[in-house]
file entry_39.cif (mmCIF, C-alpha atoms and all ligand atoms)
data_query
#
loop_
_atom_site.group_PDB
_atom_site.id
_atom_site.type_symbol
_atom_site.label_atom_id
_atom_site.label_comp_id
_atom_site.auth_asym_id
_atom_site.auth_seq_id
_atom_site.Cartn_x
_atom_site.Cartn_y
_atom_site.Cartn_z
ATOM 1 C CA MET A 1 0.000 0.000 0.000
ATOM 2 C CA ALA A 2 2.920 2.384 0.613
ATOM 3 C CA ASN A 3 3.214 3.033 -3.110
ATOM 4 C CA ASP A 4 -0.468 3.967 -3.345
ATOM 5 C CA VAL A 5 0.346 7.284 -1.712
ATOM 6 C CA ASN A 6 3.082 8.211 -4.208
ATOM 7 C CA LEU A 7 2.366 10.921 -6.761
ATOM 8 C CA ALA A 8 4.176 11.006 -10.073
ATOM 9 C CA TYR A 9 5.893 14.355 -9.423
ATOM 10 C CA SER A 10 9.652 14.446 -8.972
ATOM 11 C CA SER A 11 10.942 16.006 -5.785
ATOM 12 C CA THR A 12 12.755 19.350 -5.684
ATOM 13 C CA TRP A 13 14.363 18.644 -2.309
ATOM 14 C CA CYS A 14 18.175 18.732 -2.365
ATOM 15 C CA PRO A 15 19.892 15.318 -2.608
ATOM 16 C CA GLY A 16 20.466 14.019 0.923
ATOM 17 C CA CYS A 17 17.863 16.300 2.522
ATOM 18 C CA GLY A 18 16.331 15.002 5.748
ATOM 19 C CA ASN A 19 12.880 15.573 4.282
ATOM 20 C CA PHE A 20 13.248 12.342 2.299
ATOM 21 C CA GLY A 21 13.417 10.327 5.523
ATOM 22 C CA ILE A 22 10.290 12.063 6.835
ATOM 23 C CA PHE A 23 8.496 11.433 3.539
ATOM 24 C CA ASN A 24 9.382 7.733 3.601
ATOM 25 C CA ALA A 25 8.420 7.429 7.259
ATOM 26 C CA LEU A 26 5.063 9.094 6.580
ATOM 27 C CA LYS A 27 4.344 6.680 3.724
ATOM 28 C CA LYS A 28 5.293 3.765 5.979
ATOM 29 C CA ALA A 29 3.051 5.127 8.730
ATOM 30 C CA PHE A 30 0.129 5.443 6.294
ATOM 31 C CA ALA A 31 0.637 1.841 5.166
ATOM 32 C CA ASP A 32 1.338 0.283 8.571
ATOM 33 C CA ALA A 33 -1.591 2.090 10.195
ATOM 34 C CA GLY A 34 -3.876 1.149 7.294
ATOM 35 C CA LEU A 35 -5.070 4.733 6.969
ATOM 36 C CA ASP A 36 -8.067 5.265 4.722
ATOM 37 C CA LEU A 37 -6.786 7.749 2.137
ATOM 38 C CA GLU A 38 -10.375 8.852 1.468
ATOM 39 C CA ALA A 39 -10.694 9.966 5.076
ATOM 40 C CA THR A 40 -7.258 11.488 5.645
ATOM 41 C CA VAL A 41 -6.252 15.118 5.097
ATOM 42 C CA LEU A 42 -2.698 16.429 5.102
ATOM 43 C CA VAL A 43 -2.303 20.160 5.755
ATOM 44 C CA THR A 44 1.104 21.796 5.340
ATOM 45 C CA GLY A 45 2.587 25.263 5.528
ATOM 46 C CA ILE A 46 5.093 26.892 3.197
ATOM 47 C CA GLY A 47 8.762 25.969 3.100
ATOM 48 C CA CYS A 48 10.802 22.916 2.173
ATOM 49 C CA ALA A 49 8.717 20.908 4.669
ATOM 50 C CA GLY A 50 5.438 22.070 3.154
ATOM 51 C CA LYS A 51 6.337 20.528 -0.186
ATOM 52 C CA ILE A 52 5.583 17.087 1.236
ATOM 53 C CA ALA A 53 1.935 17.776 0.371
ATOM 54 C CA GLN A 54 2.919 17.897 -3.306
ATOM 55 C CA TYR A 55 4.267 14.353 -3.269
ATOM 56 C CA LEU A 56 1.633 12.443 -1.313
ATOM 57 C CA ASN A 57 -1.531 11.067 -2.871
ATOM 58 C CA THR A 58 -4.093 11.859 -0.203
ATOM 59 C CA TYR A 59 -6.405 14.828 0.320
ATOM 60 C CA ARG A 60 -4.054 17.720 1.028
ATOM 61 C CA ILE A 61 -3.813 21.477 1.382
ATOM 62 C CA GLU A 62 -0.546 23.418 1.091
ATOM 63 C CA THR A 63 -1.668 26.549 2.851
ATOM 64 C CA LEU A 64 -0.092 29.889 3.786
ATOM 65 C CA HIS A 65 3.160 30.255 5.715
ATOM 66 C CA GLY A 66 2.485 29.789 9.421
ATOM 67 C CA ARG A 67 -1.221 29.014 8.951
ATOM 68 C CA THR A 68 -0.951 25.241 8.972
ATOM 69 C CA LEU A 69 -2.733 24.721 12.270
ATOM 70 C CA PRO A 70 -5.686 27.119 11.766
ATOM 71 C CA VAL A 71 -6.467 25.413 8.454
ATOM 72 C CA ALA A 72 -6.080 21.961 10.024
ATOM 73 C CA THR A 73 -8.389 23.106 12.844
ATOM 74 C CA GLY A 74 -11.003 24.198 10.311
ATOM 75 C CA VAL A 75 -10.847 20.850 8.528
ATOM 76 C CA LYS A 76 -11.162 18.937 11.798
ATOM 77 C CA LEU A 77 -14.126 20.966 13.047
ATOM 78 C CA ALA A 78 -15.934 20.805 9.709
ATOM 79 C CA ASN A 79 -15.575 17.025 9.695
ATOM 80 C CA HIS A 80 -14.343 15.598 12.976
ATOM 81 C CA ARG A 81 -14.409 12.065 11.548
ATOM 82 C CA LEU A 82 -11.422 12.795 9.288
ATOM 83 C CA THR A 83 -7.859 11.957 10.270
ATOM 84 C CA VAL A 84 -6.063 15.293 10.112
ATOM 85 C CA ILE A 85 -2.277 15.501 9.878
ATOM 86 C CA ALA A 86 -0.451 18.834 9.870
ATOM 87 C CA GLU A 87 3.174 19.279 8.804
ATOM 88 C CA GLY A 88 5.506 22.231 8.598
ATOM 89 C CA GLY A 89 8.983 23.437 9.341
ATOM 90 C CA ASP A 90 10.437 24.991 12.478
ATOM 91 C CA GLY A 91 10.212 28.447 10.913
ATOM 92 C CA ASP A 92 6.596 27.920 9.877
ATOM 93 C CA GLY A 93 5.494 26.542 13.235
ATOM 94 C CA MET A 94 7.775 28.198 15.786
ATOM 95 C CA GLY A 95 8.090 31.595 14.063
ATOM 96 C CA ILE A 96 5.047 33.089 12.366
ATOM 97 C CA GLY A 97 2.865 30.151 13.442
ATOM 98 C CA MET A 98 3.792 30.132 17.131
ATOM 99 C CA GLY A 99 0.541 31.712 18.338
ATOM 100 C CA HIS A 100 -1.465 29.077 16.498
ATOM 101 C CA PHE A 101 0.731 26.327 17.968
ATOM 102 C CA ILE A 102 0.059 27.473 21.543
ATOM 103 C CA HIS A 103 -3.690 27.780 21.021
ATOM 104 C CA THR A 104 -4.037 24.456 19.199
ATOM 105 C CA ALA A 105 -2.224 22.793 22.097
ATOM 106 C CA ARG A 106 -4.325 24.358 24.846
ATOM 107 C CA ARG A 107 -7.530 23.486 22.964
ATOM 108 C CA ASN A 108 -6.320 19.909 22.429
ATOM 109 C CA LEU A 109 -7.506 19.638 18.829
ATOM 110 C CA ASP A 110 -7.360 16.032 17.642
ATOM 111 C CA ILE A 111 -4.602 16.699 15.113
ATOM 112 C CA ALA A 112 -1.191 15.057 14.619
ATOM 113 C CA TYR A 113 1.433 17.739 13.992
ATOM 114 C CA PHE A 114 4.802 16.741 12.550
ATOM 115 C CA ILE A 115 7.436 19.477 12.692
ATOM 116 C CA HIS A 116 10.357 19.183 10.270
ATOM 117 C CA ASN A 117 12.953 20.773 12.540
ATOM 118 C CA ASN A 118 16.088 21.562 10.531
ATOM 119 C CA GLN A 119 16.980 24.554 12.725
ATOM 120 C CA ILE A 120 17.199 26.869 9.717
ATOM 121 C CA TYR A 121 15.114 28.557 7.001
ATOM 122 C CA GLY A 122 16.046 26.326 4.060
ATOM 123 C CA LEU A 123 13.726 27.476 1.263
ATOM 124 C CA THR A 124 14.876 31.091 1.676
ATOM 125 C CA LYS A 125 18.510 29.927 1.533
ATOM 126 C CA GLY A 126 19.835 29.605 5.052
ATOM 127 C CA GLN A 127 18.779 32.198 7.617
ATOM 128 C CA SER A 128 18.704 31.345 11.347
ATOM 129 C CA SER A 129 15.343 30.076 12.585
ATOM 130 C CA PRO A 130 13.648 30.102 16.015
ATOM 131 C CA THR A 131 15.235 26.711 16.794
ATOM 132 C CA SER A 132 18.802 27.465 15.623
ATOM 133 C CA ASP A 133 21.384 26.576 18.262
ATOM 134 C CA LEU A 134 23.211 29.325 20.128
ATOM 135 C CA GLY A 135 26.345 30.214 18.192
ATOM 136 C CA ALA A 136 25.045 28.725 14.910
ATOM 137 C CA VAL A 137 26.642 30.548 11.984
ATOM 138 C CA THR A 138 24.125 31.345 9.246
ATOM 139 C CA LYS A 139 23.596 34.077 6.656
ATOM 140 C CA PHE A 140 21.777 36.140 9.304
ATOM 141 C CA THR A 141 24.166 35.302 12.140
ATOM 142 C CA PRO A 142 27.783 35.675 10.970
ATOM 143 C CA PRO A 143 30.923 34.857 12.949
ATOM 144 C CA PRO A 144 32.382 35.471 15.426
ATOM 145 C CA LEU A 145 29.175 35.372 17.520
ATOM 146 C CA GLY A 146 26.845 33.353 15.356
ATOM 147 C CA ASN A 147 23.258 33.092 16.638
ATOM 148 C CA VAL A 148 22.804 34.967 19.925
ATOM 149 C CA GLU A 149 19.082 34.176 20.348
ATOM 150 C CA ARG A 150 18.122 31.390 22.708
ATOM 151 C CA PRO A 151 16.489 28.582 20.686
ATOM 152 C CA ILE A 152 12.907 27.469 21.250
ATOM 153 C CA ASN A 153 12.679 23.969 22.678
ATOM 154 C CA ILE A 154 9.736 22.461 20.768
ATOM 155 C CA VAL A 155 9.131 19.578 23.171
ATOM 156 C CA GLN A 156 9.088 21.792 26.254
ATOM 157 C CA THR A 157 6.892 24.385 24.539
ATOM 158 C CA ALA A 158 4.384 21.747 23.430
ATOM 159 C CA ILE A 159 4.128 20.196 26.900
ATOM 160 C CA SER A 160 3.825 23.605 28.581
ATOM 161 C CA ALA A 161 1.107 24.739 26.185
ATOM 162 C CA GLY A 162 -1.051 21.656 26.779
ATOM 163 C CA ALA A 163 -0.315 19.184 23.974
ATOM 164 C CA THR A 164 -1.376 15.729 25.155
ATOM 165 C CA PHE A 165 1.174 13.640 23.203
ATOM 166 C CA VAL A 166 4.683 14.997 22.764
ATOM 167 C CA ALA A 167 7.569 13.145 21.141
ATOM 168 C CA ARG A 168 10.862 13.741 19.360
ATOM 169 C CA ALA A 169 12.263 11.662 16.502
ATOM 170 C CA PHE A 170 15.142 11.667 14.003
ATOM 171 C CA THR A 171 14.669 11.432 10.267
ATOM 172 C CA GLY A 172 17.681 9.088 10.064
ATOM 173 C CA ASP A 173 15.706 6.359 11.864
ATOM 174 C CA ILE A 174 12.681 5.752 9.626
ATOM 175 C CA PRO A 175 11.175 2.760 11.522
ATOM 176 C CA GLN A 176 11.212 4.676 14.818
ATOM 177 C CA LEU A 177 9.866 7.840 13.192
ATOM 178 C CA ALA A 178 7.063 5.923 11.436
ATOM 179 C CA GLY A 179 6.137 4.239 14.715
ATOM 180 C CA LEU A 180 5.925 7.577 16.532
ATOM 181 C CA MET A 181 3.864 9.014 13.675
ATOM 182 C CA ILE A 182 1.365 6.175 14.057
ATOM 183 C CA GLU A 183 1.177 6.720 17.825
ATOM 184 C CA ALA A 184 0.598 10.432 17.237
ATOM 185 C CA ILE A 185 -2.090 9.826 14.600
ATOM 186 C CA ARG A 186 -3.921 7.372 16.877
ATOM 187 C CA HIS A 187 -3.661 9.582 19.955
ATOM 188 C CA PRO A 188 -6.985 11.335 20.660
ATOM 189 C CA GLY A 189 -5.811 14.922 21.039
ATOM 190 C CA PHE A 190 -3.093 17.292 19.901
ATOM 191 C CA ALA A 191 -0.020 15.168 19.197
ATOM 192 C CA VAL A 192 3.294 16.822 18.408
ATOM 193 C CA VAL A 193 6.369 15.110 16.976
ATOM 194 C CA ASP A 194 9.508 17.251 16.833
ATOM 195 C CA ILE A 195 11.474 15.655 13.966
ATOM 196 C CA LEU A 196 15.199 16.406 13.855
ATOM 197 C CA GLN A 197 15.927 16.877 10.171
ATOM 198 C CA PRO A 198 19.324 17.806 8.707
ATOM 199 C CA CYS A 199 19.362 20.485 6.011
ATOM 200 C CA VAL A 200 22.416 19.396 4.048
ATOM 201 C CA SER A 201 22.601 22.593 2.017
ATOM 202 C CA PHE A 202 22.475 25.308 4.676
ATOM 203 C CA ASN A 203 22.886 23.845 8.170
ATOM 204 C CA HIS A 204 26.451 22.584 8.442
ATOM 205 C CA LEU A 205 26.315 22.264 12.235
ATOM 206 C CA ASN A 206 23.397 19.881 12.901
ATOM 207 C CA THR A 207 24.378 17.128 10.473
ATOM 208 C CA TYR A 208 23.365 13.446 10.391
ATOM 209 C CA GLN A 209 26.641 12.585 12.122
ATOM 210 C CA TRP A 210 26.176 15.347 14.734
ATOM 211 C CA TYR A 211 22.742 13.947 15.652
ATOM 212 C CA ARG A 212 23.861 10.295 15.600
ATOM 213 C CA GLN A 213 26.595 11.093 18.126
ATOM 214 C CA ARG A 214 24.028 12.531 20.558
ATOM 215 C CA ILE A 215 20.627 10.885 20.194
ATOM 216 C CA THR A 216 19.589 8.565 22.980
ATOM 217 C CA PRO A 217 16.255 6.939 23.938
ATOM 218 C CA VAL A 218 14.435 9.134 26.466
ATOM 219 C CA ALA A 219 12.964 5.998 28.049
ATOM 220 C CA ASP A 220 16.496 4.936 29.124
ATOM 221 C CA LEU A 221 17.126 8.114 31.107
ATOM 222 C CA PRO A 222 16.737 8.247 34.912
ATOM 223 C CA GLY A 223 13.405 9.667 36.042
ATOM 224 C CA TYR A 224 11.540 8.825 32.837
ATOM 225 C CA ASP A 225 7.786 8.713 33.394
ATOM 226 C CA ILE A 226 5.525 9.312 30.409
ATOM 227 C CA ALA A 227 2.679 10.545 32.669
ATOM 228 C CA ASP A 228 4.773 12.970 34.754
ATOM 229 C CA ARG A 229 4.701 16.437 33.239
ATOM 230 C CA GLU A 230 7.472 17.884 35.425
ATOM 231 C CA LYS A 231 9.841 15.003 34.664
ATOM 232 C CA ALA A 232 9.027 15.241 30.964
ATOM 233 C CA LEU A 233 9.871 18.951 30.990
ATOM 234 C CA SER A 234 13.121 18.221 32.790
ATOM 235 C CA LEU A 235 14.199 15.499 30.346
ATOM 236 C CA ALA A 236 13.194 17.719 27.428
ATOM 237 C CA SER A 237 15.668 20.334 28.652
ATOM 238 C CA LEU A 238 18.559 18.027 27.713
ATOM 239 C CA TRP A 239 20.175 19.291 24.516
ATOM 240 C CA GLY A 240 23.927 18.855 24.211
ATOM 241 C CA ASP A 241 25.975 15.695 24.633
ATOM 242 C CA LYS A 242 22.654 13.867 24.912
ATOM 243 C CA ILE A 243 19.569 14.586 22.814
ATOM 244 C CA PRO A 244 16.687 12.357 23.942
ATOM 245 C CA LEU A 245 14.270 10.798 21.441
ATOM 246 C CA GLY A 246 10.946 9.070 21.979
ATOM 247 C CA VAL A 247 7.667 9.901 23.710
ATOM 248 C CA PHE A 248 8.248 12.430 26.485
ATOM 249 C CA TYR A 249 4.698 12.940 27.668
ATOM 250 C CA GLN A 250 1.179 11.625 27.141
ATOM 251 C CA GLU A 251 -2.098 12.304 28.886
ATOM 252 C CA THR A 252 -5.788 11.816 28.172
ATOM 253 C CA ARG A 253 -7.932 14.941 28.160
ATOM 254 C CA PRO A 254 -11.160 15.731 26.298
ATOM 255 C CA THR A 255 -10.443 17.041 22.825
ATOM 256 C CA PHE A 256 -11.793 20.392 21.629
ATOM 257 C CA ALA A 257 -14.501 18.650 19.589
ATOM 258 C CA ASP A 258 -15.435 16.409 22.562
ATOM 259 C CA SER A 259 -16.025 19.552 24.620
ATOM 260 C CA LEU A 260 -18.543 21.051 22.191
ATOM 261 C CA PRO A 261 -22.037 19.524 22.372
ATOM 262 C CA GLN A 262 -22.928 21.082 19.023
ATOM 263 C CA LEU A 263 -20.340 18.788 17.380
ATOM 264 C CA ALA A 264 -21.860 15.604 18.802
ATOM 265 C CA GLY A 265 -23.402 13.480 16.074
ATOM 266 C CA PRO A 266 -22.766 13.805 12.355
ATOM 267 C CA PRO A 267 -19.969 16.077 11.123
ATOM 268 C CA LEU A 268 -20.964 19.650 10.324
ATOM 269 C CA ALA A 269 -20.029 19.022 6.691
ATOM 270 C CA ALA A 270 -22.622 16.248 6.436
ATOM 271 C CA ARG A 271 -25.548 18.177 7.932
ATOM 272 C CA PRO A 272 -28.270 19.694 5.757
ATOM 273 C CA VAL A 273 -28.129 23.448 5.348
ATOM 274 C CA ASP A 274 -31.455 23.982 3.542
ATOM 275 C CA ASP A 275 -33.292 24.946 6.722
ATOM 276 C CA ILE A 276 -30.689 27.513 7.821
ATOM 277 C CA SER A 277 -31.882 31.054 7.302
ATOM 278 C CA ILE A 278 -28.961 33.361 6.475
ATOM 279 C CA ALA A 279 -31.319 36.351 6.701
ATOM 280 C CA GLY A 280 -32.187 35.341 10.248
ATOM 281 C CA LEU A 281 -28.505 35.077 11.221
ATOM 282 C CA MET A 282 -27.750 38.462 9.671
ATOM 283 C CA ALA A 283 -30.670 40.025 11.539
ATOM 284 C CA GLU A 284 -29.372 38.554 14.819
ATOM 285 C CA MET A 285 -25.957 40.160 14.281
ATOM 286 C CA ALA A 286 -27.254 43.530 13.101
HETATM 287 FE FE1 LIG A 301 16.296 20.128 2.378
HETATM 288 FE FE2 LIG A 301 17.719 22.233 3.155
HETATM 289 FE FE3 LIG A 301 17.537 21.623 0.573
HETATM 290 FE FE4 LIG A 301 15.429 22.577 1.892
HETATM 291 S S1 LIG A 301 17.339 23.678 1.483
HETATM 292 S S2 LIG A 301 15.418 20.865 0.440
HETATM 293 S S3 LIG A 301 15.686 21.635 3.920
HETATM 294 S S4 LIG A 301 18.514 20.376 2.166
#

call {"tool": "encode", "arguments": {"input": "entry_39.cif", "output": "structure tokens"}}
result
Amino acid sequence: MANDVNLAYSSTWCPGCGNFGIFNALKKAFADAGLDLEATVLVTGIGCAGKIAQYLNTYRIETLHGRTLPVATGVKLANHRLTVIAEGGDGDGMGIGMGHFIHTARRNLDIAYFIHNNQIYGLTKGQSSPTSDLGAVTKFTPPPLGNVERPINIVQTAISAGATFVARAFTGDIPQLAGLMIEAIRHPGFAVVDILQPCVSFNHLNTYQWYRQRITPVADLPGYDIADREKALSLASLWGDKIPLGVFYQETRPTFADSLPQLAGPPLAARPVDDISIAGLMAEMA
């Protein structure tokens, strides 16, 4: 089934780009989870990450930069029976889209959000991003200082804002990434996977080798407890000699749609509209 999701377009990602691993993991996740392509929607932002929507044969929207989550929210509320997957880069989600990220997390929308975190703006040719490491030398942050802005920690931010499934993965380990994607898709609530993704053209610091020397399973670290928010935040703070991967935190909480009685029953998109009087609504708001 994995090939069923392939489109005939050729990719414009650079050879060796970490996006290929994410693409292959997503196809594997679709196949292994047996997702119904007729009932799955992929929403992406703009950037190298957003192009994944151009290569995958499911319902998909490549929306505006930073507006991935509002569009995904609209899709989910219009038809809460759909599986909704959102994808975007660290610039898209942690820069212009940060407000939407926080509010989607606190509302606990039932959306799986996969962040292609290459710690740089790749499509615009290599400027520092909100997740660039301190000291990273980019076109915006020249030597000798490099980047002087403290990077956003996606895992900590997601947990703090109220996401109910929070994980980190590496594009160089496709089976693990696909497995975490499936867990995120099946989780009832806002599920975030921070995917470490080398940009071979513009990020010469966070390379495949750099990550492989540091990544370690979070479940092997002392104090690990998937249900303990404080411990998850503490383990998520590790970023240096050790970079933990895996599920940091998971809880069960009513989703946004579960909390709205008007969404109980058939999806809004399937309800008849013939008996709705627009004139009456307009008069109410006048
Ligand atoms: Fe990948 Fe970087 Fe090339 Fe974009 S610029 S396609 S992120 S290697």

call {"tool": "closest_residue", "arguments": {"input": "entry_39.cif", "among": "A:Gly135, A:Gly280, A:Gly91, A:Gly74", "to": "A:Val41", "atoms": "only C-alpha atoms"}}
result
A:Gly74

call {"tool": "residues_near_ligand", "arguments": {"input": "entry_39.cif", "ligand": "ligand LIG 301 (chain A)", "cutoff": "9 Å", "atoms": "all atoms listed in the file", "output": "list in words"}}
result
Thr12, Trp13, Cys14, Pro15, Gly16, Cys17, Gly18, Asn19, Phe20, Gly47, Cys48, Ala49, Gly89, His116, Asn118, Ile120, Tyr121, Gly122, Leu123, Thr124, Lys125, Gly126, Gln197, Pro198, Cys199, Val200, Ser201, Phe202 and Asn203 of chain A

call {"tool": "resolve_selection", "arguments": {"input": "entry_39.cif", "expression": "the PyMOL selection byres (((chain A and resi 71) around 12) and not hetatm)", "output": "ChimeraX atom specification"}}
result
/A:41-45,60-70,72-78,84-87,97,100-101,104,109,111

call {"tool": "closest_residue", "arguments": {"input": "entry_39.cif", "among": "A:Thr40, A:Asn57, A:Thr157, A:Asn24", "to": "A:Leu7", "atoms": "only C-alpha atoms"}}
result
A:Asn57

call {"tool": "resolve_selection", "arguments": {"input": "entry_39.cif", "expression": "the PyMOL selection byres (((chain A and resi 181) around 12) and not hetatm)", "output": "ChimeraX atom specification"}}
result
/A:22-33,35,85-87,111-115,165-171,174-180,182-187,191-195,246-247

call {"tool": "resolve_selection", "arguments": {"input": "entry_39.cif", "expression": "the PyMOL selection byres (((chain A and resi 229) around 10) and not hetatm)", "output": "ChimeraX atom specification"}}
result
/A:156,159-160,225-228,230-235,248-251

call {"tool": "atom_distance", "arguments": {"input": "entry_39.cif", "atom1": "atom CA of A:Ser129", "atom2": "atom CA of A:Gly99"}}
result
16.0 Å

call {"tool": "closest_residue", "arguments": {"input": "entry_39.cif", "among": "A:Pro143, A:Glu149, A:Gly88, A:Val137", "to": "A:Lys51", "atoms": "all atoms listed in the file"}}
result
A:Gly88

call {"tool": "atom_distance", "arguments": {"input": "entry_39.cif", "atom1": "atom CA of A:Ala257", "atom2": "atom CA of A:Thr83"}}
result
13.3 Å

call {"tool": "atom_distance", "arguments": {"input": "entry_39.cif", "atom1": "atom CA of A:Arg107", "atom2": "atom CA of A:Phe190"}}
result
8.2 Å
